[in-house]
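Q: Take a look at upload.pdb, PDB, C-alpha atoms, pLDDT in the B column:
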ATOM      1  CA  MET A 352      -2.620  19.327   7.767  1.00 49.00           C
ATOM      2  CA  LYS A 353      -5.612  17.967   9.624  1.00 49.00           C
ATOM      3  CA  ILE A 354      -5.013  15.009  11.873  1.00 49.00           C
ATOM      4  CA  ILE A 355      -6.637  11.735  10.817  1.00 52.00           C
ATOM      5  CA  LYS A 356      -9.934  11.190  12.598  1.00 52.00           C
ATOM      6  CA  LYS A 357      -9.695   9.096  15.757  1.00 48.00           C
ATOM      7  CA  LYS A 358     -12.292   6.627  14.450  1.00 63.00           C
ATOM      8  CA  ILE A 359     -10.224   3.938  12.790  1.00 60.00           C
ATOM      9  CA  LEU A 360     -11.695   2.745   9.519  1.00 77.00           C
ATOM     10  CA  ASP A 361     -11.397  -0.708   8.098  1.00 89.00           C
ATOM     11  CA  TYR A 362      -9.536  -0.882   4.795  1.00 91.00           C
ATOM     12  CA  ASN A 363     -12.664  -0.910   2.631  1.00 89.00           C
ATOM     13  CA  GLY A 364     -14.109   2.081   4.493  1.00 89.00           C
ATOM     14  CA  PHE A 365     -10.796   3.870   4.076  1.00 89.00           C
ATOM     15  CA  LEU A 366     -10.843   3.238   0.309  1.00 90.00           C
ATOM     16  CA  GLN A 367     -14.368   4.661   0.092  1.00 87.00           C
ATOM     17  CA  GLN A 368     -13.416   7.748   2.094  1.00 85.00           C
ATOM     18  CA  VAL A 369     -10.124   8.418   0.317  1.00 85.00           C
ATOM     19  CA  ALA A 370     -11.745   8.145  -3.134  1.00 81.00           C
ATOM     20  CA  TYR A 371     -13.272  11.560  -2.447  1.00 75.00           C
ATOM     21  CA  ALA A 372     -10.117  13.038  -0.925  1.00 68.00           C
ATOM     22  CA  ASN A 373      -8.031  15.544  -2.746  1.00 60.00           C
ATOM     23  CA  GLY A 374      -5.362  13.398  -4.362  1.00 55.00           C
ATOM     24  CA  GLU A 375      -3.103  16.298  -5.231  1.00 62.00           C
ATOM     25  CA  VAL A 376       0.409  15.199  -4.319  1.00 64.00           C
ATOM     26  CA  ASP A 377       3.597  16.572  -5.716  1.00 65.00           C
ATOM     27  CA  GLU A 378       4.874  13.852  -8.051  1.00 69.00           C
ATOM     28  CA  LEU A 379       8.401  14.673  -6.902  1.00 72.00           C
ATOM     29  CA  ILE A 380       7.484  13.387  -3.420  1.00 74.00           C
ATOM     30  CA  VAL A 381       6.263  10.087  -4.896  1.00 72.00           C
ATOM     31  CA  ASN A 382       9.385   9.773  -7.049  1.00 71.00           C
ATOM     32  CA  ASP A 383      11.667  10.541  -4.090  1.00 74.00           C
ATOM     33  CA  VAL A 384      10.030   7.817  -2.001  1.00 71.00           C
ATOM     34  CA  LEU A 385      10.248   5.311  -4.854  1.00 68.00           C
ATOM     35  CA  LYS A 386      13.933   6.139  -5.364  1.00 70.00           C
ATOM     36  CA  GLN A 387      14.552   5.649  -1.646  1.00 68.00           C
ATOM     37  CA  PHE A 388      13.204   2.098  -1.869  1.00 62.00           C
ATOM     38  CA  SER A 389      14.757   1.282  -5.240  1.00 59.00           C
ATOM     39  CA  TYR A 390      18.238   1.980  -3.863  1.00 53.00           C
ATOM     40  CA  SER A 391      17.657  -0.128  -0.760  1.00 52.00           C
ATOM     41  CA  PRO A 392      19.273  -3.561  -0.920  1.00 50.00           C
ATOM     42  CA  ASN A 393      16.993  -6.583  -0.822  1.00 48.00           C
ATOM     43  CA  ILE A 394      16.158  -7.564   2.740  1.00 47.00           C
ATOM     44  CA  VAL A 395      17.152 -11.150   1.984  1.00 46.00           C
ATOM     45  CA  SER A 396      19.688 -11.880  -0.708  1.00 46.00           C
ATOM     46  CA  GLY A 397      18.186 -13.556  -3.750  1.00 51.00           C
ATOM     47  CA  ILE A 398      14.634 -12.279  -3.299  1.00 54.00           C
ATOM     48  CA  SER A 399      13.314 -10.229  -6.187  1.00 57.00           C
ATOM     49  CA  SER A 400      11.566  -7.050  -5.115  1.00 66.00           C
ATOM     50  CA  PRO A 401       9.334  -5.038  -7.414  1.00 71.00           C
ATOM     51  CA  ILE A 402       9.075  -1.404  -6.386  1.00 73.00           C
ATOM     52  CA  PHE A 403       5.686   0.230  -6.796  1.00 79.00           C
ATOM     53  CA  ALA A 404       3.328   2.888  -5.552  1.00 81.00           C
ATOM     54  CA  ILE A 405      -0.382   2.552  -4.892  1.00 87.00           C
ATOM     55  CA  ASP A 406      -2.637   5.473  -5.721  1.00 87.00           C
ATOM     56  CA  TYR A 407      -5.404   4.846  -3.174  1.00 89.00           C
ATOM     57  CA  THR A 408      -7.624   7.569  -4.631  1.00 87.00           C
ATOM     58  CA  LYS A 409      -7.786   5.656  -7.926  1.00 87.00           C
ATOM     59  CA  ARG A 410      -7.249   2.144  -6.493  1.00 90.00           C
ATOM     60  CA  LYS A 411      -4.412   1.445  -8.885  1.00 88.00           C
ATOM     61  CA  TYR A 412      -0.753   0.514  -8.854  1.00 85.00           C
ATOM     62  CA  LEU A 413       1.985   2.668 -10.332  1.00 79.00           C
ATOM     63  CA  PHE A 414       5.229   0.778 -10.913  1.00 70.00           C
ATOM     64  CA  CYS A 415       8.633   2.375 -11.127  1.00 59.00           C
ATOM     65  CA  GLY A 416      10.645  -0.821 -11.374  1.00 59.00           C
ATOM     66  CA  ASP A 417      10.150  -4.514 -11.657  1.00 55.00           C
ATOM     67  CA  ALA A 418      11.699  -7.820 -10.750  1.00 53.00           C
ATOM     68  CA  GLY A 419      11.570 -10.023 -13.818  1.00 54.00           C
ATOM     69  CA  ASN A 420       8.181  -8.580 -14.801  1.00 58.00           C
ATOM     70  CA  GLN A 421       6.477 -10.462 -11.969  1.00 64.00           C
ATOM     71  CA  PHE A 422       4.692  -9.543  -8.770  1.00 66.00           C
ATOM     72  CA  ALA A 423       3.644 -12.438  -6.542  1.00 65.00           C
ATOM     73  CA  GLY A 424       3.841 -14.774  -9.503  1.00 68.00           C
ATOM     74  CA  CYS A 425       1.573 -12.553 -11.610  1.00 75.00           C
ATOM     75  CA  ARG A 426       2.545 -10.508 -14.624  1.00 76.00           C
ATOM     76  CA  ILE A 427       3.074  -6.866 -13.705  1.00 76.00           C
ATOM     77  CA  GLU A 428       0.816  -5.836 -16.592  1.00 80.00           C
ATOM     78  CA  ASP A 429      -2.042  -7.834 -15.003  1.00 81.00           C
ATOM     79  CA  VAL A 430      -1.472  -6.106 -11.658  1.00 80.00           C
ATOM     80  CA  LEU A 431      -1.412  -2.680 -13.325  1.00 82.00           C
ATOM     81  CA  ASP A 432      -4.619  -3.444 -15.235  1.00 87.00           C
ATOM     82  CA  GLY A 433      -6.433  -5.111 -12.317  1.00 88.00           C
ATOM     83  CA  GLY A 434      -5.484  -2.665  -9.571  1.00 87.00           C
ATOM     84  CA  LEU A 435      -6.336  -3.207  -5.935  1.00 89.00           C
ATOM     85  CA  GLU A 436      -9.417  -5.293  -6.773  1.00 90.00           C
ATOM     86  CA  MET A 437      -7.254  -7.861  -8.585  1.00 87.00           C
ATOM     87  CA  THR A 438      -4.732  -8.215  -5.780  1.00 86.00           C
ATOM     88  CA  ALA A 439      -7.518  -8.389  -3.184  1.00 88.00           C
ATOM     89  CA  GLN A 440      -9.079 -11.286  -5.084  1.00 89.00           C
ATOM     90  CA  LYS A 441      -5.717 -13.086  -5.220  1.00 88.00           C
ATOM     91  CA  SER A 442      -4.950 -12.515  -1.527  1.00 90.00           C
ATOM     92  CA  HIS A 443      -5.472 -15.359   0.890  1.00 92.00           C
ATOM     93  CA  PRO A 444      -8.985 -14.843   2.361  1.00 93.00           C
ATOM     94  CA  GLU A 445      -7.794 -15.018   5.986  1.00 94.00           C
ATOM     95  CA  PHE A 446      -4.993 -12.551   5.316  1.00 92.00           C
ATOM     96  CA  HIS A 447      -7.329 -10.176   3.496  1.00 92.00           C
ATOM     97  CA  LYS A 448      -9.732 -10.214   6.442  1.00 94.00           C
ATOM     98  CA  ILE A 449      -6.906  -9.543   8.935  1.00 94.00           C
ATOM     99  CA  PHE A 450      -5.412  -6.821   6.718  1.00 93.00           C
ATOM    100  CA  CYS A 451      -8.756  -5.038   6.284  1.00 93.00           C
ATOM    101  CA  ASN A 452      -9.820  -5.220   9.923  1.00 94.00           C
ATOM    102  CA  LYS A 453      -6.563  -5.136  11.908  1.00 93.00           C
ATOM    103  CA  ILE A 454      -3.366  -4.328   9.999  1.00 92.00           C
ATOM    104  CA  PHE A 455      -4.508  -1.322   7.978  1.00 91.00           C
ATOM    105  CA  PRO A 456      -6.525   0.254  10.822  1.00 91.00           C
ATOM    106  CA  HIS A 457      -3.399  -0.098  12.979  1.00 89.00           C
ATOM    107  CA  ILE A 458      -1.363   1.733  10.317  1.00 86.00           C
ATOM    108  CA  LEU A 459      -3.941   4.550  10.321  1.00 86.00           C
ATOM    109  CA  ASP A 460      -3.856   4.570  14.113  1.00 83.00           C
ATOM    110  CA  ILE A 461      -0.088   5.102  14.101  1.00 80.00           C
ATOM    111  CA  TYR A 462      -0.519   8.288  12.082  1.00 76.00           C
ATOM    112  CA  ALA A 463      -3.630   9.472  13.962  1.00 72.00           C
ATOM    113  CA  ASN A 464      -2.301   9.004  17.477  1.00 67.00           C
ATOM    114  CA  ASN A 465       1.186  10.342  17.026  1.00 62.00           C
ATOM    115  CA  ASP A 466       1.766  13.301  19.377  1.00 58.00           C
ATOM    116  CA  LYS A 467       3.092  15.340  16.472  1.00 62.00           C
ATOM    117  CA  GLU A 468       1.484  16.275  13.186  1.00 62.00           C
ATOM    118  CA  PRO A 469       1.681  13.296  10.791  1.00 57.00           C
ATOM    119  CA  GLN A 470       4.771  13.503   8.630  1.00 61.00           C
ATOM    120  CA  GLN A 471       5.292  12.278   5.094  1.00 62.00           C
ATOM    121  CA  ASN A 472       7.337   9.065   4.954  1.00 60.00           C
ATOM    122  CA  SER A 473       7.733   9.016   8.722  1.00 68.00           C
ATOM    123  CA  TYR A 474       7.202   5.266   9.137  1.00 79.00           C
ATOM    124  CA  THR A 475       8.078   2.149   7.188  1.00 83.00           C
ATOM    125  CA  VAL A 476       5.581  -0.657   7.650  1.00 86.00           C
ATOM    126  CA  SER A 477       6.136  -4.294   6.773  1.00 88.00           C
ATOM    127  CA  PHE A 478       3.949  -7.374   6.885  1.00 88.00           C
ATOM    128  CA  ASN A 479       3.814 -10.744   5.209  1.00 88.00           C
ATOM    129  CA  HIS A 480       0.914 -12.334   3.385  1.00 86.00           C
ATOM    130  CA  ARG A 481       0.017 -14.865   0.707  1.00 88.00           C
ATOM    131  CA  MET A 482      -1.291 -14.419  -2.814  1.00 86.00           C
ATOM    132  CA  LYS A 483      -2.242 -16.841  -5.558  1.00 87.00           C
ATOM    133  CA  ASP A 484       0.018 -16.801  -8.578  1.00 82.00           C
ATOM    134  CA  MET A 485      -1.144 -17.243 -12.170  1.00 81.00           C
ATOM    135  CA  PHE A 486      -1.089 -21.042 -11.681  1.00 85.00           C
ATOM    136  CA  GLY A 487      -3.276 -20.960  -8.565  1.00 87.00           C
ATOM    137  CA  LYS A 488      -0.415 -21.682  -6.134  1.00 89.00           C
ATOM    138  CA  TRP A 489       0.074 -19.640  -2.968  1.00 90.00           C
ATOM    139  CA  LYS A 490       3.121 -17.344  -2.906  1.00 85.00           C
ATOM    140  CA  ASP A 491       4.508 -15.849   0.287  1.00 86.00           C
ATOM    141  CA  ILE A 492       4.974 -12.083   0.078  1.00 83.00           C
ATOM    142  CA  LEU A 493       6.873  -9.664   2.316  1.00 84.00           C
ATOM    143  CA  GLN A 494       5.572  -6.158   1.734  1.00 84.00           C
ATOM    144  CA  CYS A 495       7.387  -3.077   3.022  1.00 83.00           C
ATOM    145  CA  GLY A 496       6.122   0.414   2.476  1.00 83.00           C
ATOM    146  CA  THR A 497       5.763   3.975   3.552  1.00 84.00           C
ATOM    147  CA  TYR A 498       2.820   6.316   3.088  1.00 86.00           C
ATOM    148  CA  ILE A 499       2.415   9.707   1.472  1.00 83.00           C
ATOM    149  CA  LEU A 500      -0.332  11.628   3.228  1.00 83.00           C
ATOM    150  CA  SER A 501      -2.976  14.011   1.953  1.00 80.00           C
ATOM    151  CA  LYS A 502      -2.196  17.571   2.996  1.00 75.00           C
ATOM    152  CA  GLU A 503      -5.904  18.153   3.618  1.00 76.00           C
ATOM    153  CA  THR A 504      -6.896  15.067   5.637  1.00 75.00           C
ATOM    154  CA  GLY A 505      -3.685  13.421   6.827  1.00 77.00           C
ATOM    155  CA  LEU A 506      -4.922  10.138   5.299  1.00 81.00           C
ATOM    156  CA  PRO A 507      -2.546   8.036   3.197  1.00 85.00           C
ATOM    157  CA  ILE A 508      -3.229   8.587  -0.494  1.00 85.00           C
ATOM    158  CA  TYR A 509      -0.056   6.965  -1.925  1.00 85.00           C
TER     159      TYR A 509
END
Just dump the structure as structure tokens.
A:
Amino acid sequence: MKIIKKKILDYNGFLQQVAYANGEVDELIVNDVLKQFSYSPNIVSGISSPIFAIDYTKRKYLFCGDAGNQFAGCRIEDVLDGGLEMTAQKSHPEFHKIFCNKIFPHILDIYANNDKEPQQNSYTVSFNHRMKDMFGKWKDILQCGTYILSKETGLPIY
């Protein structure tokens, strides 16, 4: 596997670059990661936690489980149909700016600057943000995830 380039992209640049990456990933790897999270207890009792995967090469969500058919106060079907563009539009503008320019580049930096070759599922990342629900009210979100890397580039593709 090639190591991720040292130049850290912003999130939008990453999405442009990864759209042309080879998205071939063994579906068993994706399913194993999703199972790992689906068996994890909620971080805080009483919080519903949908479990999903993002296919960065196609900019879409793939859900394996739900929490009352809602994600951040939106219907899961709307999230599946709208993909990353829909959730970006519903994200708080300040959060989206920070995520694109600081959080996601830092995630890429963790994989790129590790002394070893980047490993699948080697880190779990969490951050909080805000999204508008279907009624226009802000919902606080805690997102935890791990990344499945392209064998060719080392970039996260799921």
Q: Report as number ranges by chain the residues that result from applying the PyMOL selection byres ((chain A and resi 475) around 6) to the structure here.
A: A: 474, 476, 496-497
Q: Using the chain letters and numbers from the file, give me the residues hit by the PyMOL selection byres ((chain A and resi 451) around 10), as an MDAnalysis selection string.
A: chainID A and resid 360:365 446:450 452:457
Q: Save out the residues we just selected, C-alpha atoms, as a short mmCIF file (atom, residue, chain, number, x, y, z; two decimals), in the coordinates of the input.
A:
data_model
loop_
_atom_site.label_atom_id
_atom_site.label_comp_id
_atom_site.auth_asym_id
_atom_site.auth_seq_id
_atom_site.Cartn_x
_atom_site.Cartn_y
_atom_site.Cartn_z
CA LEU A 360 -11.70 2.74 9.52
CA ASP A 361 -11.40 -0.71 8.10
CA TYR A 362 -9.54 -0.88 4.80
CA ASN A 363 -12.66 -0.91 2.63
CA GLY A 364 -14.11 2.08 4.49
CA PHE A 365 -10.80 3.87 4.08
CA PHE A 446 -4.99 -12.55 5.32
CA HIS A 447 -7.33 -10.18 3.50
CA LYS A 448 -9.73 -10.21 6.44
CA ILE A 449 -6.91 -9.54 8.94
CA PHE A 450 -5.41 -6.82 6.72
CA ASN A 452 -9.82 -5.22 9.92
CA LYS A 453 -6.56 -5.14 11.91
CA ILE A 454 -3.37 -4.33 10.00
CA PHE A 455 -4.51 -1.32 7.98
CA PRO A 456 -6.52 0.25 10.82
CA HIS A 457 -3.40 -0.10 12.98
#
Q: List as a ChimeraX atom specification the protein and nucleic acid residues near Asp491 (chain A), meaning an atom at most 7 Å away when all atoms listed in the file are counted, but skip any in the same chain fewer than 2 places from it.
A: /A:480-482,489,493
Q: What's the separation between CA of Ala439 (chain A) and CA of Cys495 (chain A), in Å to one decimal place?
A: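 If I compute the distance from CA of Ala439 (chain A) to CA of Cys495 (chain A), I get 17.0 Å.
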Q: Enter the distance from CA of Leu500 (chain A) to CA of Tyr462 (chain A), in Å, rounded to one decimal.
A: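 Value for the CA of Leu500 (chain A)-CA of Tyr462 (chain A) distance: 9.5 Å.
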Q: Evaluate the PyMOL selection byres ((chain A and resi 429-437) around 9) on the structure here and hand back the selected residues as JSON, numbers by chain.
A: {"A": [405, 407, 409, 410, 411, 412, 413, 414, 422, 425, 426, 427, 428, 438, 439, 440, 441, 442]}
Q: Work out how far apart CA of Ala370 (chain A) and CA of Met485 (chain A) are and give it in Å to one decimal.
A: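 Distance between the two atoms: 29.0 Å.
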Q: Nearest residue to Gln494 (chain A) out of A:Ile402, A:Lys386, A:Leu459, A:Pro507, using all atoms listed in the file?
A: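 Ranked by minimum distance to Gln494 (chain A), first place goes to A:Ile402.
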Q: Go through A:Ile499, A:Thr408, A:Pro401, A:Phe486 and flag the residue nearest Gln368 (chain A), using only C-alpha atoms for the distances.
A: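 The answer is A:Thr408, which sits nearest to Gln368 (chain A).
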